[in-house]
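Structure data (CSV, C-alpha atoms) from input_10.csv:
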chain,number,residue,atom,x,y,z
A,148,MET,CA,21.7,13.5,-61.5
A,149,PRO,CA,18.2,14.4,-62.4
A,150,GLU,CA,16.7,13.0,-65.6
A,151,ILE,CA,14.9,16.2,-66.6
A,152,SER,CA,15.8,19.8,-66.2
A,153,VAL,CA,12.9,22.3,-66.2
A,154,ILE,CA,14.1,25.9,-66.9
A,155,VAL,CA,11.8,28.8,-65.9
A,156,PRO,CA,12.8,32.5,-66.5
A,157,VAL,CA,11.3,34.7,-63.8
A,158,TYR,CA,10.6,38.4,-64.2
A,159,LYS,CA,7.9,40.5,-62.6
A,160,VAL,CA,5.4,37.6,-62.1
A,161,GLU,CA,5.0,37.9,-58.3
A,162,LYS,CA,1.2,37.3,-58.8
A,163,TYR,CA,1.6,34.1,-60.8
A,164,LEU,CA,4.9,32.5,-59.8
A,165,ASP,CA,3.7,30.2,-57.0
A,166,ARG,CA,1.1,28.8,-59.4
A,167,CYS,CA,3.7,27.9,-61.9
A,168,ILE,CA,6.1,26.4,-59.4
A,169,GLU,CA,3.4,24.4,-57.7
A,170,SER,CA,2.4,22.8,-61.0
A,171,ILE,CA,6.0,21.6,-61.5
A,172,VAL,CA,6.9,20.4,-58.0
A,173,ASN,CA,3.7,18.4,-58.0
A,174,GLN,CA,4.5,16.5,-61.1
A,175,THR,CA,3.8,12.8,-61.1
A,176,TYR,CA,7.2,12.2,-62.6
A,177,PRO,CA,9.6,13.2,-59.7
A,178,ASP,CA,13.1,12.8,-61.2
A,179,PHE,CA,13.7,16.4,-62.3
A,180,GLU,CA,15.4,19.6,-61.3
A,181,LEU,CA,13.7,23.0,-61.5
A,182,ILE,CA,16.0,25.8,-62.4
A,183,LEU,CA,14.4,29.2,-61.6
A,184,VAL,CA,16.3,32.0,-63.3
A,185,ASP,CA,15.6,35.3,-61.6
A,186,ASP,CA,16.2,37.7,-64.5
A,187,GLY,CA,16.8,40.8,-62.2
A,188,SER,CA,13.1,40.9,-61.2
A,189,PRO,CA,12.4,44.2,-59.3
A,190,ASP,CA,9.5,42.7,-57.3
A,191,ASN,CA,9.3,40.0,-54.7
A,192,CYS,CA,10.1,37.2,-57.2
A,193,PRO,CA,13.8,36.8,-56.1
A,194,ALA,CA,12.7,36.1,-52.5
A,195,LEU,CA,10.0,33.8,-53.6
A,196,CYS,CA,12.4,31.8,-55.7
A,197,ASP,CA,14.8,31.4,-52.7
A,198,ALA,CA,12.0,30.4,-50.4
A,199,TRP,CA,10.9,27.7,-52.8
A,200,ALA,CA,14.5,26.4,-53.1
A,201,GLU,CA,14.6,26.1,-49.3
A,202,ARG,CA,11.4,24.0,-49.3
A,203,ASP,CA,12.3,21.7,-52.2
A,204,GLY,CA,15.8,20.3,-52.8
A,205,ARG,CA,15.1,19.8,-56.5
A,206,ILE,CA,14.9,23.6,-57.0
A,207,ARG,CA,18.0,25.6,-58.0
A,208,VAL,CA,18.0,29.4,-58.3
A,209,ILE,CA,20.1,31.7,-60.5
A,210,HIS,CA,20.0,35.5,-59.8
A,211,LYS,CA,21.2,37.6,-62.7
A,212,LYS,CA,21.0,41.0,-64.2
A,213,ASN,CA,18.0,41.6,-66.4
A,214,GLY,CA,18.6,40.4,-70.0
A,215,GLY,CA,15.3,39.0,-71.1
A,216,ALA,CA,13.7,35.6,-71.3
A,217,SER,CA,16.2,34.2,-73.8
A,218,SER,CA,19.1,35.3,-71.7
A,219,ALA,CA,17.5,33.6,-68.7
A,220,ARG,CA,17.0,30.4,-70.7
A,221,ASN,CA,20.6,30.4,-71.8
A,222,ALA,CA,21.8,30.9,-68.2
A,223,GLY,CA,19.6,27.9,-67.2
A,224,LEU,CA,21.0,25.7,-70.0
A,225,LYS,CA,24.5,26.4,-68.9
A,226,ILE,CA,23.9,24.7,-65.5
A,227,ALA,CA,21.3,22.1,-66.4
A,228,LYS,CA,22.2,18.6,-65.4
A,229,GLY,CA,19.3,16.6,-66.9
A,230,ASN,CA,19.4,14.4,-69.9
A,231,TRP,CA,16.2,16.1,-71.1
A,232,ILE,CA,15.3,19.7,-71.1
A,233,ALA,CA,11.9,21.4,-70.7
A,234,PHE,CA,11.0,25.1,-70.7
A,235,ALA,CA,8.1,26.9,-69.0
A,236,ASP,CA,7.2,30.6,-68.7
A,237,SER,CA,6.6,31.7,-65.1
A,238,ASP,CA,3.0,33.0,-65.6
A,239,ASP,CA,1.9,29.6,-67.2
A,240,TRP,CA,1.5,26.2,-65.6
A,241,LEU,CA,1.8,22.5,-66.4
A,242,ASP,CA,-0.6,19.6,-66.2
A,243,ARG,CA,0.6,17.5,-63.3
A,244,THR,CA,1.3,14.6,-65.7
A,245,ALA,CA,3.1,16.7,-68.3
A,246,LEU,CA,6.7,15.5,-67.6
A,247,LYS,CA,5.7,11.8,-67.3
A,248,THR,CA,3.6,12.0,-70.5
A,249,LEU,CA,6.3,13.5,-72.6
A,250,TYR,CA,9.1,11.5,-71.1
A,251,ASP,CA,7.3,8.2,-71.6
A,252,LEU,CA,6.4,9.0,-75.2
A,253,ALA,CA,10.0,10.1,-76.1
A,254,ASN,CA,11.4,6.8,-74.7
A,255,GLN,CA,8.6,4.7,-76.1
A,256,TYR,CA,9.2,5.9,-79.7
A,257,ASN,CA,12.9,6.5,-79.2
A,258,VAL,CA,12.9,10.1,-80.5
A,259,PRO,CA,14.8,13.2,-79.3
A,260,MET,CA,11.8,15.3,-78.8
A,261,ALA,CA,8.2,14.9,-77.5
A,262,ILE,CA,5.6,17.6,-78.1
A,263,GLY,CA,2.4,18.0,-76.1
A,264,GLY,CA,-0.8,19.9,-76.5
A,265,MET,CA,-0.9,23.5,-75.4
A,266,ARG,CA,-4.2,25.1,-74.1
A,267,VAL,CA,-4.6,28.9,-74.2
A,268,VAL,CA,-6.5,30.0,-71.1
A,269,GLN,CA,-7.6,33.4,-69.7
A,270,LYS,CA,-8.1,32.2,-66.2
A,271,TYR,CA,-6.8,29.5,-63.9
A,272,THR,CA,-7.8,26.0,-64.9
A,273,ASP,CA,-7.1,23.0,-62.7
A,274,ALA,CA,-3.9,21.4,-64.0
A,275,SER,CA,-5.2,17.8,-64.1
A,276,ILE,CA,-6.7,17.1,-67.5
A,277,VAL,CA,-8.0,13.6,-68.1
A,278,MET,CA,-7.9,13.0,-71.8
A,279,LYS,CA,-7.2,10.0,-74.0
A,280,GLN,CA,-3.6,10.1,-75.3
A,281,ASN,CA,-3.2,9.5,-79.0
A,282,ALA,CA,0.5,9.7,-80.1
A,283,LYS,CA,1.6,10.6,-83.6
A,284,VAL,CA,5.2,10.0,-84.7
A,285,LEU,CA,6.6,12.9,-86.8
A,286,SER,CA,9.4,12.6,-89.3
A,287,ASN,CA,11.9,15.4,-89.9
A,288,ALA,CA,9.8,16.4,-93.0
A,289,ASP,CA,6.7,16.5,-90.8
A,290,LEU,CA,8.5,18.8,-88.3
A,291,MET,CA,9.5,21.2,-91.0
A,292,SER,CA,6.0,21.2,-92.5
A,293,ARG,CA,4.6,21.9,-89.1
A,294,PHE,CA,7.0,24.7,-88.5
A,295,PHE,CA,6.3,26.4,-91.9
A,296,ARG,CA,2.6,25.6,-91.6
A,297,LEU,CA,2.5,24.2,-95.1
A,298,ASN,CA,-0.9,22.6,-94.6
A,299,GLY,CA,-2.5,25.4,-92.7
A,300,GLU,CA,-1.4,24.2,-89.3
A,301,PRO,CA,-2.0,26.5,-86.3
A,302,ASP,CA,0.8,28.6,-84.9
A,303,THR,CA,3.1,26.2,-82.9
A,304,HIS,CA,6.1,28.4,-82.5
A,305,SER,CA,6.8,27.8,-78.8
A,306,VAL,CA,9.4,25.6,-77.1
A,307,CYS,CA,7.1,25.2,-74.1
A,308,ALA,CA,5.0,22.0,-73.9
A,309,THR,CA,8.0,20.2,-75.3
A,310,LEU,CA,10.6,17.8,-73.9
A,311,ILE,CA,14.0,17.9,-75.7
A,312,ARG,CA,16.9,15.5,-75.4
A,313,ARG,CA,19.9,17.4,-74.0
A,314,ASP,CA,22.3,16.7,-76.9
A,315,ILE,CA,20.0,18.4,-79.4
A,316,LEU,CA,20.6,21.7,-77.5
A,317,GLU,CA,24.4,21.4,-77.2
A,318,ASP,CA,26.0,24.7,-78.2
A,319,TYR,CA,22.6,26.2,-78.9
A,320,TYR,CA,21.8,29.7,-77.7
A,321,PHE,CA,18.4,31.5,-77.8
A,322,ILE,CA,18.5,34.8,-79.6
A,323,GLU,CA,18.8,37.4,-76.9
A,324,GLY,CA,17.2,40.9,-76.9
A,325,LYS,CA,14.3,40.0,-79.2
A,326,MET,CA,10.6,39.1,-78.8
A,327,ASN,CA,9.3,36.0,-80.6
A,328,GLU,CA,12.7,34.3,-80.3
A,329,ASP,CA,10.9,31.0,-80.1
A,330,VAL,CA,10.3,31.2,-83.8
A,331,GLU,CA,14.0,30.7,-84.5
A,332,ALA,CA,14.4,28.1,-81.7
A,333,CYS,CA,11.5,26.0,-83.2
A,334,TYR,CA,13.1,26.2,-86.6
A,335,TYR,CA,16.4,24.9,-85.1
A,336,LEU,CA,14.6,22.0,-83.4
A,337,ALA,CA,12.7,21.1,-86.5
A,338,ARG,CA,15.9,21.1,-88.5
A,339,LYS,CA,18.0,19.2,-85.9
A,340,CYS,CA,15.6,16.4,-84.9
A,341,GLU,CA,15.3,13.4,-87.2
A,342,GLY,CA,11.9,12.8,-85.7
A,343,ALA,CA,9.6,13.5,-82.8
A,344,VAL,CA,6.4,12.3,-81.2
A,345,TYR,CA,3.3,14.5,-80.7
A,346,THR,CA,0.3,14.1,-78.5
A,347,SER,CA,-2.8,16.4,-78.5
A,348,LYS,CA,-3.2,15.8,-74.8
A,349,PRO,CA,-2.9,19.2,-73.1
A,350,VAL,CA,0.2,19.3,-71.0
A,351,TYR,CA,0.8,23.0,-70.8
A,352,PHE,CA,-1.5,25.9,-70.0
A,353,TYR,CA,-0.6,29.2,-71.7
A,354,PHE,CA,-2.0,32.1,-69.7
A,355,LYS,CA,-3.2,34.9,-72.0
A,356,ASN,CA,-3.7,38.1,-70.1
A,357,VAL,CA,-6.4,39.7,-72.3
A,358,GLU,CA,-6.6,42.9,-70.2
A,359,GLY,CA,-2.9,43.4,-70.4
A,360,VAL,CA,-2.9,43.0,-74.2
A,361,THR,CA,-5.8,45.4,-74.7
A,362,ASN,CA,-4.3,48.1,-72.4
A,363,SER,CA,-0.8,47.9,-73.7
A,364,GLY,CA,-1.6,48.2,-77.4
A,365,PHE,CA,0.9,47.5,-80.2
A,366,SER,CA,4.5,48.1,-79.1
A,367,LYS,CA,7.6,48.5,-81.2
A,368,LYS,CA,9.1,45.4,-79.7
A,369,LYS,CA,6.5,43.3,-81.5
A,370,LEU,CA,8.3,44.3,-84.7
A,371,ASP,CA,11.1,42.0,-83.6
A,372,LEU,CA,9.1,39.3,-85.3
A,373,LEU,CA,10.4,40.6,-88.6
A,374,ASP,CA,14.0,40.5,-87.4
A,375,VAL,CA,13.6,37.0,-86.2
A,376,TRP,CA,12.1,35.8,-89.4
A,377,ASP,CA,15.0,37.5,-91.3
A,378,ILE,CA,17.4,35.4,-89.1
A,379,VAL,CA,15.5,32.2,-89.9
A,380,GLN,CA,15.5,33.1,-93.6
A,381,LYS,CA,19.3,33.3,-93.6
A,382,GLN,CA,19.5,29.9,-91.8
A,383,VAL,CA,17.0,28.3,-94.2
A,384,LEU,CA,19.1,29.4,-97.2
A,385,GLN,CA,22.2,27.9,-95.6
A,386,TYR,CA,20.8,24.6,-94.2
A,387,THR,CA,17.4,23.8,-95.8
A,388,PRO,CA,17.2,25.8,-99.1
A,389,GLU,CA,14.4,23.5,-100.2
A,390,TYR,CA,12.1,25.4,-97.8
A,391,ALA,CA,13.1,28.8,-99.1
A,392,TYR,CA,9.7,29.6,-100.6
A,393,ALA,CA,7.9,28.4,-97.5
A,394,CYS,CA,10.1,30.7,-95.4
A,395,GLU,CA,9.4,33.6,-97.7
A,396,MET,CA,5.7,33.0,-97.4
A,397,ASN,CA,6.0,32.9,-93.6
A,398,CYS,CA,7.9,36.3,-93.7
A,399,LYS,CA,5.0,37.7,-95.7
A,400,ARG,CA,2.5,36.2,-93.3
A,401,ALA,CA,4.4,37.7,-90.3
A,402,ARG,CA,3.8,41.2,-91.9
A,403,PHE,CA,0.1,40.4,-92.2
A,404,THR,CA,0.0,39.3,-88.6
A,405,LEU,CA,1.7,42.5,-87.3
A,406,LEU,CA,-0.6,44.7,-89.4
A,407,THR,CA,-3.6,42.9,-88.0
A,408,GLN,CA,-2.3,43.4,-84.5
A,409,MET,CA,-1.9,47.1,-85.1
A,410,TYR,CA,-5.5,47.4,-86.2
A,411,MET,CA,-6.9,45.2,-83.4
A,412,ASN,CA,-4.8,46.4,-80.4
A,413,GLY,CA,-4.2,50.0,-81.5
A,414,TYR,CA,-0.9,51.9,-81.5
A,415,ASP,CA,0.5,55.3,-80.7
A,416,HIS,CA,-0.8,57.5,-83.5
A,417,ASN,CA,1.4,60.4,-82.3
A,418,ASP,CA,4.5,58.4,-83.1
A,419,PRO,CA,5.7,59.1,-86.6
A,420,TYR,CA,7.7,55.8,-86.7
A,421,MET,CA,4.5,53.8,-85.9
A,422,ARG,CA,2.5,55.6,-88.5
A,423,GLU,CA,5.2,55.0,-91.1
A,424,THR,CA,5.4,51.4,-90.0
A,425,LYS,CA,1.7,50.8,-90.4
A,426,GLN,CA,1.8,52.3,-93.9
A,427,ARG,CA,4.9,50.2,-94.9
A,428,LEU,CA,3.3,47.0,-93.6
A,429,LYS,CA,0.0,47.8,-95.4
A,430,LYS,CA,1.9,48.3,-98.7
A,431,GLU,CA,3.9,45.1,-98.2
A,432,VAL,CA,0.8,43.1,-97.3
A,433,ARG,CA,-1.1,44.4,-100.3
A,434,ALA,CA,1.8,43.6,-102.6
A,435,SER,CA,1.7,40.0,-101.2
A,436,PHE,CA,-2.1,39.7,-101.5
A,437,PHE,CA,-2.4,37.1,-104.2
A,438,ASP,CA,0.5,35.0,-102.7
A,439,LEU,CA,-1.1,35.0,-99.3
A,440,MET,CA,-4.6,34.2,-100.7
A,441,ARG,CA,-3.1,31.1,-102.4
A,442,TRP,CA,-1.3,30.1,-99.2
A,443,LYS,CA,-3.1,27.7,-96.8
A,444,MET,CA,-4.7,29.8,-94.1
A,445,PRO,CA,-8.0,29.7,-92.2
A,446,ILE,CA,-10.9,31.3,-94.1
A,447,ASN,CA,-11.2,34.0,-91.4
A,448,ARG,CA,-7.6,35.1,-92.0
A,449,LYS,CA,-8.3,35.4,-95.7
A,450,ILE,CA,-11.4,37.5,-95.1
A,451,ALA,CA,-9.3,39.8,-93.0
A,452,LEU,CA,-6.7,39.9,-95.8
A,453,ILE,CA,-9.4,41.0,-98.3
A,454,ALA,CA,-10.6,43.7,-95.8
A,455,PHE,CA,-7.1,45.2,-95.8
A,456,LEU,CA,-7.6,46.1,-99.5
A,457,PHE,CA,-10.3,48.6,-98.5
A,458,VAL,CA,-9.4,50.0,-95.1
A,459,PRO,CA,-7.7,53.4,-95.1

Show me this structure written as structure tokens.
Amino acid sequence: MPEISVIVPVYKVEKYLDRCIESIVNQTYPDFELILVDDGSPDNCPALCDAWAERDGRIRVIHKKNGGASSARNAGLKIAKGNWIAFADSDDWLDRTALKTLYDLANQYNVPMAIGGMRVVQKYTDASIVMKQNAKVLSNADLMSRFFRLNGEPDTHSVCATLIRRDILEDYYFIEGKMNEDVEACYYLARKCEGAVYTSKPVYFYFKNVEGVTNSGFSKKKLDLLDVWDIVQKQVLQYTPEYAYACEMNCKRARFTLLTQMYMNGYDHNDPYMRETKQRLKKEVRASFFDLMRWKMPINRKIALIAFLFVP
């Protein structure tokens, strides 16, 4: 039985898949299984997954109909054998010491979750970062503060770069059919874990395709962020009502984020729904102006917020 299960959803990433898989099979910690979930990918990814499974006995492949990244993760969780779970996206890659770093920290501090640093990159970087490791133990209150960004923390709403003890994820299912589903998953983990350990050492490389973002513009699917925060808000009222105001502020901040993206990336001006959405978001952001200005955010975000008072 492998100690760690690494789950990777695969969909239309033929160009990047080998890079991701190589970074995992070359880990310095060898006791793992890699579960590749082909989410009905229409390109050559299914064949690539099968070829890798033939080459390395630690790799298992699931072929399923397309259902999105959350559906693929849920399928992987159903068959995972490891005592610990890690997730990766198939266009990203891991530092070769990622699993060992997180596994050793989790066991050293006897906590159910270890969180590593994530580096956002726009091109391939050699996955072998040499950096001094400084661990910080996080209480449950620290995890909740980190999730709600109470002290101006950066956005950390991703389950990647994280090693999670299997029992924490028992009976858990990622929200399917939505973008930004990691927001709800991160709230769940913060709520369920009595503590965790964090290291700023980069263990995960998030590939940001700048050209793809620029060319695609703002899509309706990005509005899923509001639906996901609505789900989180209902859970907060049920399980952690002491964070109700913090959650409300994050809901307001999500609207500010989406409005910023519409201005920065553009949107379909011929679509009446998108035009109405922009006006609605602008109205809601302006109504939340003073609350957001009092909330802890970087100064450049507050400058952008002020600018929205004057843009047409």

Problem set entry | Option closest in space to Val379 in chain A, from A:Ser286, A:Asn356, A:Asn327, A:Ser366 [counting only C-alpha atoms] | A:Asn327

For this session: Give the answer as one residue: which of A:Leu384, A:Lys228, A:Ile378, A:Leu372 has the shortest atom-to-atom distance to Leu406 in chain A, using all atoms listed in the file?
Result: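 Ranking A:Leu384, A:Lys228, A:Ile378, A:Leu372 by distance to Leu406 in chain A, first place goes to A:Leu372.
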
Exercise. With distances taken over all atoms listed in the file, which of A:Pro156, A:Gly263, A:Gly229, A:Gly342 is nearest to Val284 in chain A?
Worked result: A:Gly342

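CA of Leu310 in chain A is found 5.0 Å from CA of Ala233 in chain A.
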
Once you count all atoms listed in the file, what closest atom pair and distance in Å to one decimal does each residue of range 368-389 of chain A within 12 Å of range 411-432 of chain A have, with rows by chain and rising residue number, as a Markdown table?
| residue | atom | partner | partner_atom | distance |
| --- | --- | --- | --- | --- |
| A:Lys368 | CA | A:Met421 | CA | 11.4 |
| A:Lys369 | CA | A:Tyr414 | CA | 11.3 |
| A:Leu370 | CA | A:Thr424 | CA | 9.3 |
| A:Leu373 | CA | A:Leu428 | CA | 10.8 |

Next, write the just-selected residues to a file, as a compact mmCIF listing (two decimals), keeping the file's coordinate frame, keeping C-alpha atoms as the atom set.
# COMPACT_ATOMS: atom_id res chain seq x y z
CA LYS A 368 9.10 45.40 -79.70
CA LYS A 369 6.50 43.30 -81.50
CA LEU A 370 8.30 44.30 -84.70
CA LEU A 373 10.40 40.60 -88.60

For this session: Measuring atom to atom with only C-alpha atoms, identify which of A:Thr404, A:Gln255, A:Arg313, A:Gln174 is nearest to Phe365 in chain A.
Result: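 Nearest candidate to Phe365 in chain A out of A:Thr404, A:Gln255, A:Arg313, A:Gln174: A:Thr404.
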
Seminar exercise, completed: CA of His210 in chain A sits from CA of Phe321 in chain A at a separation of 18.5 Å

Problem set entry | Residue contacts of Trp231 in chain A (6 Å, all atoms listed in the file) excluding same-chain residues fewer than 6 positions away, as number ranges by chain | A: 151, 311-313

Seminar exercise, completed: CA of Met326 in chain A sits from CA of His304 in chain A at a separation of 12.2 Å

For this session: Give me the residues within 12 Å of Arg202 in chain A as a PyMOL selection string, counting all atoms listed in the file and dropping any in the same chain fewer than 5 places off.
Result: chain A and resi 168-169+172+195-197+207

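Across A:Phe352, A:Tyr334, A:Tyr386, A:Tyr250, the tightest approach to Ser292 in chain A is made by A:Tyr334 when counting all atoms listed in the file.
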
Exercise. For Tyr256 in chain A, which of A:Leu183, A:Val350, A:Ala282, A:Ile315 is the closest residue, counting only C-alpha atoms?
Worked result: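 Counting only C-alpha atoms, the residue closest to Tyr256 in chain A is A:Ala282.
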
Exercise. Which residues come within 6 Å of Ser152 in chain A, counting all atoms listed in the file, excluding same-chain residues fewer than 3 positions away, as number ranges by chain?
Worked result: A: 179-180, 227, 229, 232

Problem set entry | Who sits within 6 Å of Ala261 in chain A, all atoms listed in the file, same chain under 3 positions skipped, as a PyMOL selection string | chain A and resi 249+253+309-310+343-345

Just C-alpha atoms for this one: save the residues we selected as a PDB file, in the coordinates of the input.
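Result file again.pdb:
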ATOM      1  CA  LEU A 249       6.300  13.500 -72.600  1.00  0.00           C
ATOM      2  CA  ALA A 253      10.000  10.100 -76.100  1.00  0.00           C
ATOM      3  CA  THR A 309       8.000  20.200 -75.300  1.00  0.00           C
ATOM      4  CA  LEU A 310      10.600  17.800 -73.900  1.00  0.00           C
ATOM      5  CA  ALA A 343       9.600  13.500 -82.800  1.00  0.00           C
ATOM      6  CA  VAL A 344       6.400  12.300 -81.200  1.00  0.00           C
ATOM      7  CA  TYR A 345       3.300  14.500 -80.700  1.00  0.00           C
TER       8      TYR A 345
END

Pull the closest atom pair for each residue of range 406-459 of chain A that gets at most 12 Å from range 397-400 of chain A, along with the distance in Å to one decimal, counting all atoms listed in the file, ordering rows by chain and then ascending residue number, as JSON lines.
{"residue": "A:Leu406", "atom": "CA", "partner": "A:Arg400", "partner_atom": "CA", "distance": 9.9}
{"residue": "A:Thr407", "atom": "CA", "partner": "A:Arg400", "partner_atom": "CA", "distance": 10.5}
{"residue": "A:Leu428", "atom": "CA", "partner": "A:Lys399", "partner_atom": "CA", "distance": 9.7}
{"residue": "A:Lys429", "atom": "CA", "partner": "A:Lys399", "partner_atom": "CA", "distance": 11.3}
{"residue": "A:Lys430", "atom": "CA", "partner": "A:Lys399", "partner_atom": "CA", "distance": 11.4}
{"residue": "A:Glu431", "atom": "CA", "partner": "A:Lys399", "partner_atom": "CA", "distance": 7.9}
{"residue": "A:Val432", "atom": "CA", "partner": "A:Lys399", "partner_atom": "CA", "distance": 7.0}
{"residue": "A:Arg433", "atom": "CA", "partner": "A:Lys399", "partner_atom": "CA", "distance": 10.2}
{"residue": "A:Ala434", "atom": "CA", "partner": "A:Lys399", "partner_atom": "CA", "distance": 9.6}
{"residue": "A:Ser435", "atom": "CA", "partner": "A:Lys399", "partner_atom": "CA", "distance": 6.8}
{"residue": "A:Phe436", "atom": "CA", "partner": "A:Lys399", "partner_atom": "CA", "distance": 9.4}
{"residue": "A:Phe437", "atom": "CA", "partner": "A:Lys399", "partner_atom": "CA", "distance": 11.3}
{"residue": "A:Asp438", "atom": "CA", "partner": "A:Lys399", "partner_atom": "CA", "distance": 8.7}
{"residue": "A:Leu439", "atom": "CA", "partner": "A:Arg400", "partner_atom": "CA", "distance": 7.1}
{"residue": "A:Met440", "atom": "CA", "partner": "A:Arg400", "partner_atom": "CA", "distance": 10.4}
{"residue": "A:Arg441", "atom": "CA", "partner": "A:Arg400", "partner_atom": "CA", "distance": 11.8}
{"residue": "A:Trp442", "atom": "CA", "partner": "A:Arg400", "partner_atom": "CA", "distance": 9.3}
{"residue": "A:Lys443", "atom": "CA", "partner": "A:Arg400", "partner_atom": "CA", "distance": 10.8}
{"residue": "A:Met444", "atom": "CA", "partner": "A:Arg400", "partner_atom": "CA", "distance": 9.7}
{"residue": "A:Arg448", "atom": "CA", "partner": "A:Arg400", "partner_atom": "CA", "distance": 10.2}
{"residue": "A:Lys449", "atom": "CA", "partner": "A:Arg400", "partner_atom": "CA", "distance": 11.1}
{"residue": "A:Leu452", "atom": "CA", "partner": "A:Arg400", "partner_atom": "CA", "distance": 10.2}

Exercise. Which residues, written as a list in words, have at least one atom at most 9 Å from Asp314 in chain A, with all atoms listed in the file counted and residues fewer than 4 positions away on the same chain left out?
Worked result: Asn230, Trp231, Pro259 and Asp318 of chain A
